[in-house]
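What follows is final-v4.pdb (PDB, C-alpha atoms and all ligand atoms).
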MODEL        1
ATOM      1  CA  MET A   1      22.167  38.065  -7.685  1.00  0.00           C
ATOM      2  CA  GLU A   2      20.580  37.061 -11.014  1.00  0.00           C
ATOM      3  CA  ILE A   3      20.935  33.352 -10.177  1.00  0.00           C
ATOM      4  CA  ARG A   4      19.315  33.862  -6.760  1.00  0.00           C
ATOM      5  CA  ARG A   5      16.415  35.792  -8.309  1.00  0.00           C
ATOM      6  CA  ARG A   6      15.832  33.071 -10.928  1.00  0.00           C
ATOM      7  CA  TYR A   7      16.097  30.342  -8.292  1.00  0.00           C
ATOM      8  CA  LEU A   8      13.469  32.012  -6.121  1.00  0.00           C
ATOM      9  CA  ALA A   9      11.175  32.643  -9.094  1.00  0.00           C
ATOM     10  CA  GLU A  10      11.409  29.035 -10.315  1.00  0.00           C
ATOM     11  CA  GLY A  11      10.906  27.684  -6.808  1.00  0.00           C
ATOM     12  CA  ALA A  12       7.766  29.732  -6.343  1.00  0.00           C
ATOM     13  CA  GLN A  13       6.437  28.649  -9.736  1.00  0.00           C
ATOM     14  CA  SER A  14       7.036  24.963  -9.076  1.00  0.00           C
ATOM     15  CA  LYS A  15       4.921  25.183  -5.919  1.00  0.00           C
ATOM     16  CA  LEU A  16       2.059  26.611  -7.939  1.00  0.00           C
ATOM     17  CA  ARG A  17       2.210  24.159 -10.846  1.00  0.00           C
ATOM     18  CA  PRO A  18      -0.919  22.012 -11.131  1.00  0.00           C
ATOM     19  CA  ASP A  19       1.105  18.823 -11.661  1.00  0.00           C
ATOM     20  CA  HIS A  20       2.941  19.460  -8.366  1.00  0.00           C
ATOM     21  CA  LYS A  21      -0.393  19.729  -6.518  1.00  0.00           C
ATOM     22  CA  GLN A  22      -1.763  16.645  -8.252  1.00  0.00           C
ATOM     23  CA  ALA A  23       1.302  14.630  -7.272  1.00  0.00           C
ATOM     24  CA  GLU A  24       0.750  15.585  -3.626  1.00  0.00           C
ATOM     25  CA  GLN A  25      -2.907  14.588  -3.807  1.00  0.00           C
ATOM     26  CA  ALA A  26      -2.133  11.333  -5.605  1.00  0.00           C
ATOM     27  CA  ALA A  27       0.225  10.108  -2.850  1.00  0.00           C
ATOM     28  CA  PRO A  28      -1.963   8.439  -0.221  1.00  0.00           C
ATOM     29  CA  GLU A  29      -0.946   8.584   3.425  1.00  0.00           C
ATOM     30  CA  MET A  30      -0.282   5.346   5.251  1.00  0.00           C
ATOM     31  CA  PRO A  31      -2.605   4.550   8.182  1.00  0.00           C
ATOM     32  CA  SER A  32      -1.170   5.451  11.582  1.00  0.00           C
ATOM     33  CA  VAL A  33       1.296   3.090  13.247  1.00  0.00           C
ATOM     34  CA  VAL A  34      -1.363   2.153  15.807  1.00  0.00           C
ATOM     35  CA  GLU A  35      -3.844   1.254  13.055  1.00  0.00           C
ATOM     36  CA  ARG A  36      -1.218  -0.759  11.210  1.00  0.00           C
ATOM     37  CA  MET A  37      -0.341  -2.623  14.407  1.00  0.00           C
ATOM     38  CA  LYS A  38      -4.028  -3.460  14.920  1.00  0.00           C
ATOM     39  CA  HIS A  39      -4.332  -4.742  11.360  1.00  0.00           C
ATOM     40  CA  ALA A  40      -1.111  -6.769  11.693  1.00  0.00           C
ATOM     41  CA  ALA A  41      -2.440  -8.288  14.925  1.00  0.00           C
ATOM     42  CA  GLY A  42      -5.651  -9.213  13.114  1.00  0.00           C
ATOM     43  CA  ALA A  43      -3.650 -10.835  10.319  1.00  0.00           C
ATOM     44  CA  GLY A  44      -1.608 -12.766  12.889  1.00  0.00           C
ATOM     45  CA  THR A  45      -4.784 -13.972  14.557  1.00  0.00           C
ATOM     46  CA  ARG A  46      -6.173 -15.190  11.228  1.00  0.00           C
ATOM     47  CA  VAL A  47      -2.950 -17.094  10.532  1.00  0.00           C
ATOM     48  CA  VAL A  48      -3.065 -18.760  13.951  1.00  0.00           C
ATOM     49  CA  HIS A  49      -6.724 -19.628  13.429  1.00  0.00           C
ATOM     50  CA  ALA A  50      -5.973 -21.138  10.001  1.00  0.00           C
ATOM     51  CA  LEU A  51      -3.078 -23.161  11.417  1.00  0.00           C
ATOM     52  CA  ALA A  52      -5.261 -24.452  14.233  1.00  0.00           C
ATOM     53  CA  ASN A  53      -7.832 -25.574  11.673  1.00  0.00           C
ATOM     54  CA  GLY A  54      -5.317 -27.171   9.329  1.00  0.00           C
ATOM     55  CA  GLU A  55      -5.983 -24.615   6.586  1.00  0.00           C
ATOM     56  CA  GLU A  56      -3.487 -23.239   4.085  1.00  0.00           C
ATOM     57  CA  ILE A  57      -1.744 -20.086   5.241  1.00  0.00           C
ATOM     58  CA  VAL A  58       0.253 -19.238   2.103  1.00  0.00           C
ATOM     59  CA  VAL A  59      -0.813 -19.080  -1.524  1.00  0.00           C
ATOM     60  CA  GLU A  60       1.018 -20.395  -4.593  1.00  0.00           C
ATOM     61  CA  ALA A  61       3.754 -18.225  -6.114  1.00  0.00           C
ATOM     62  CA  ASP A  62       1.687 -17.430  -9.212  1.00  0.00           C
ATOM     63  CA  GLU A  63      -1.120 -16.088  -7.002  1.00  0.00           C
ATOM     64  CA  VAL A  64       1.408 -13.963  -5.087  1.00  0.00           C
ATOM     65  CA  GLU A  65       2.621 -12.529  -8.373  1.00  0.00           C
ATOM     66  CA  ARG A  66      -0.958 -11.866  -9.554  1.00  0.00           C
ATOM     67  CA  ARG A  67      -1.720 -10.030  -6.310  1.00  0.00           C
ATOM     68  CA  ARG A  68       1.481  -7.996  -6.502  1.00  0.00           C
ATOM     69  CA  GLN A  69       0.732  -6.909 -10.036  1.00  0.00           C
ATOM     70  CA  ILE A  70      -2.713  -5.748  -8.937  1.00  0.00           C
ATOM     71  CA  CYS A  71      -1.289  -3.849  -5.950  1.00  0.00           C
ATOM     72  CA  GLU A  72       1.467  -2.154  -7.899  1.00  0.00           C
ATOM     73  CA  VAL A  73      -1.004  -0.372 -10.176  1.00  0.00           C
ATOM     74  CA  CYS A  74      -3.584   0.299  -7.463  1.00  0.00           C
ATOM     75  CA  GLU A  75      -4.378   3.852  -6.382  1.00  0.00           C
ATOM     76  CA  TRP A  76      -3.734   2.818  -2.757  1.00  0.00           C
ATOM     77  CA  TRP A  77      -0.243   1.420  -3.376  1.00  0.00           C
ATOM     78  CA  LYS A  78       2.517   3.609  -1.971  1.00  0.00           C
ATOM     79  CA  ALA A  79       5.794   2.485  -3.515  1.00  0.00           C
ATOM     80  CA  GLU A  80       8.002   4.493  -1.133  1.00  0.00           C
ATOM     81  CA  ALA A  81       6.455   3.030   2.043  1.00  0.00           C
ATOM     82  CA  TYR A  82       8.436   0.651   4.236  1.00  0.00           C
ATOM     83  CA  LEU A  83      11.817   1.941   3.054  1.00  0.00           C
ATOM     84  CA  GLY A  84      10.897   1.473  -0.584  1.00  0.00           C
ATOM     85  CA  ALA A  85       9.475  -2.026  -0.252  1.00  0.00           C
ATOM     86  CA  GLY A  86       6.002  -0.576  -0.801  1.00  0.00           C
ATOM     87  CA  GLY A  87       2.765  -0.882   1.085  1.00  0.00           C
ATOM     88  CA  CYS A  88      -0.961  -0.429   0.892  1.00  0.00           C
ATOM     89  CA  ALA A  89      -2.116   2.950   2.212  1.00  0.00           C
ATOM     90  CA  HIS A  90      -5.797   2.061   2.464  1.00  0.00           C
ATOM     91  CA  ALA A  91      -7.182   2.899   5.918  1.00  0.00           C
ATOM     92  CA  ASP A  92      -8.266  -0.729   6.434  1.00  0.00           C
ATOM     93  CA  CYS A  93      -4.878  -2.121   5.443  1.00  0.00           C
ATOM     94  CA  GLY A  94      -1.425  -0.509   5.733  1.00  0.00           C
ATOM     95  CA  CYS A  95       0.206  -3.813   4.878  1.00  0.00           C
ATOM     96  CA  THR A  96       3.555  -4.592   3.338  1.00  0.00           C
ATOM     97  CA  GLY A  97       3.815  -6.702   0.213  1.00  0.00           C
ATOM     98  CA  LEU A  98       4.126  -9.751   2.470  1.00  0.00           C
ATOM     99  CA  LYS A  99       0.354  -9.753   2.795  1.00  0.00           C
ATOM    100  CA  ALA A 100       0.182 -11.023  -0.793  1.00  0.00           C
ATOM    101  CA  TRP A 101       1.624 -14.346   0.425  1.00  0.00           C
ATOM    102  CA  LEU A 102      -1.096 -15.015   2.979  1.00  0.00           C
ATOM    103  CA  ALA A 103      -4.117 -17.149   2.083  1.00  0.00           C
ATOM    104  CA  THR A 104      -5.884 -15.676   5.094  1.00  0.00           C
ATOM    105  CA  GLU A 105      -5.759 -12.086   3.770  1.00  0.00           C
ATOM    106  CA  ARG A 106      -7.865 -10.081   1.369  1.00  0.00           C
ATOM    107  CA  CYS A 107      -7.592  -6.777  -0.393  1.00  0.00           C
ATOM    108  CA  PRO A 108      -9.707  -4.275   1.578  1.00  0.00           C
ATOM    109  CA  VAL A 109     -11.420  -3.020  -1.580  1.00  0.00           C
ATOM    110  CA  GLY A 110     -12.067  -6.395  -3.178  1.00  0.00           C
ATOM    111  CA  LYS A 111      -9.326  -6.582  -5.783  1.00  0.00           C
ATOM    112  CA  TRP A 112      -7.932  -9.980  -4.662  1.00  0.00           C
ATOM    113  CA  GLY A 113      -8.244 -12.625  -1.966  1.00  0.00           C
ATOM    114  CA  GLY A 114     -11.579 -14.201  -2.814  1.00  0.00           C
ATOM    115  CA  ASN A 115     -13.608 -11.029  -2.409  1.00  0.00           C
ATOM    116  CA  GLU A 116     -13.057  -9.765  -5.965  1.00  0.00           C
ATOM    117  CA  GLU A 117     -15.794  -7.502  -7.210  1.00  0.00           C
TER     118      GLU A 117
HETATM  119  S1  LIG A 201      -4.288  -4.536  -1.026  1.00  0.00           S
HETATM  120 FE1  LIG A 201      -5.930  -3.847  -2.416  1.00  0.00          FE
HETATM  121  S2  LIG A 201      -6.233  -1.674  -1.901  1.00  0.00           S
HETATM  122 FE2  LIG A 201      -4.251  -2.295  -1.077  1.00  0.00          FE
HETATM  123  S3  LIG A 201      -2.768  -1.754  -2.701  1.00  0.00           S
HETATM  124 FE3  LIG A 201      -3.332  -3.909  -2.960  1.00  0.00          FE
HETATM  125  S4  LIG A 201      -5.007  -3.856  -4.459  1.00  0.00           S
HETATM  126 FE4  LIG A 201      -4.812  -1.800  -3.611  1.00  0.00          FE
ENDMDL
END

Rewrite the coordinates I just gave you, this time as structure tokens.
Amino acid sequence: MEIRRRYLAEGAQSKLRPDHKQAEQAAPEMPSVVERMKHAAGAGTRVVHALANGEEIVVEADEVERRRQICEVCEWWKAEAYLGAGGCAHADCGCTGLKAWLATERCPVGKWGGNEE
């Protein structure tokens, strides 16, 4: 009985802790599947367009690594997305880490891809 009472009391307290609430707020939601499909289709179109124009479609490995390092500390990065592979939760993105390889893609908030602020 004592264990049950303590369990219930601790459970209730953990729900009220400020750090618990902050953790919930800090975890961004991924865009809907429909939005992600639209963005993926747009990325595919840009790749096809680049191929048709003889442009590069992938970036060098050091640029991929630079982009990944930026994403991994970004407020929009959701490490648990895509079965733990991680993804961008920004409403204009929703990408996997594979986006970092594409020369045709940009960060939606200007952190990499030629639109750096
Ligand atoms: S693509 Fe841009 S917004 Fe998305 S996680 Fe990477 S740095 Fe952040």

How would you report the residues lying within 10 Å of ligand LIG 201 (chain A), as an mmCIF file with C-alpha atoms, in the frame of the given file, if you count all atoms listed in the file?
data_model
loop_
_atom_site.group_PDB
_atom_site.id
_atom_site.type_symbol
_atom_site.label_atom_id
_atom_site.label_comp_id
_atom_site.auth_asym_id
_atom_site.auth_seq_id
_atom_site.Cartn_x
_atom_site.Cartn_y
_atom_site.Cartn_z
ATOM 1 C CA ARG A 67 -1.720 -10.030 -6.310
ATOM 2 C CA ARG A 68 1.481 -7.996 -6.502
ATOM 3 C CA GLN A 69 0.732 -6.909 -10.036
ATOM 4 C CA ILE A 70 -2.713 -5.748 -8.937
ATOM 5 C CA CYS A 71 -1.289 -3.849 -5.950
ATOM 6 C CA GLU A 72 1.467 -2.154 -7.899
ATOM 7 C CA VAL A 73 -1.004 -0.372 -10.176
ATOM 8 C CA CYS A 74 -3.584 0.299 -7.463
ATOM 9 C CA GLU A 75 -4.378 3.852 -6.382
ATOM 10 C CA TRP A 76 -3.734 2.818 -2.757
ATOM 11 C CA TRP A 77 -0.243 1.420 -3.376
ATOM 12 C CA LYS A 78 2.517 3.609 -1.971
ATOM 13 C CA ALA A 79 5.794 2.485 -3.515
ATOM 14 C CA GLY A 86 6.002 -0.576 -0.801
ATOM 15 C CA GLY A 87 2.765 -0.882 1.085
ATOM 16 C CA CYS A 88 -0.961 -0.429 0.892
ATOM 17 C CA ALA A 89 -2.116 2.950 2.212
ATOM 18 C CA HIS A 90 -5.797 2.061 2.464
ATOM 19 C CA ALA A 91 -7.182 2.899 5.918
ATOM 20 C CA ASP A 92 -8.266 -0.729 6.434
ATOM 21 C CA CYS A 93 -4.878 -2.121 5.443
ATOM 22 C CA GLY A 94 -1.425 -0.509 5.733
ATOM 23 C CA CYS A 95 0.206 -3.813 4.878
ATOM 24 C CA THR A 96 3.555 -4.592 3.338
ATOM 25 C CA GLY A 97 3.815 -6.702 0.213
ATOM 26 C CA LYS A 99 0.354 -9.753 2.795
ATOM 27 C CA ALA A 100 0.182 -11.023 -0.793
ATOM 28 C CA GLU A 105 -5.759 -12.086 3.770
ATOM 29 C CA ARG A 106 -7.865 -10.081 1.369
ATOM 30 C CA CYS A 107 -7.592 -6.777 -0.393
ATOM 31 C CA PRO A 108 -9.707 -4.275 1.578
ATOM 32 C CA VAL A 109 -11.420 -3.020 -1.580
ATOM 33 C CA GLY A 110 -12.067 -6.395 -3.178
ATOM 34 C CA LYS A 111 -9.326 -6.582 -5.783
ATOM 35 C CA TRP A 112 -7.932 -9.980 -4.662
ATOM 36 C CA GLY A 113 -8.244 -12.625 -1.966
ATOM 37 C CA GLU A 116 -13.057 -9.765 -5.965
#

Restricting to all atoms listed in the file, whichever of A:Leu98, A:Val64, A:Ala103, A:Ala85 is closest to A:Val47 is A:Ala103

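For the pair atom CA of A:Gly114 and atom CA of A:Ala41, the interatomic distance is 20.8 Å.
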
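Atom CA of A:Glu29 is found 20.8 Å from atom CA of A:Ala43.
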
Which residue, A:Val33, A:Leu102, A:Val48, A:Leu83, has the smallest gap to A:Glu63 when you use only C-alpha atoms?
-> A:Leu102
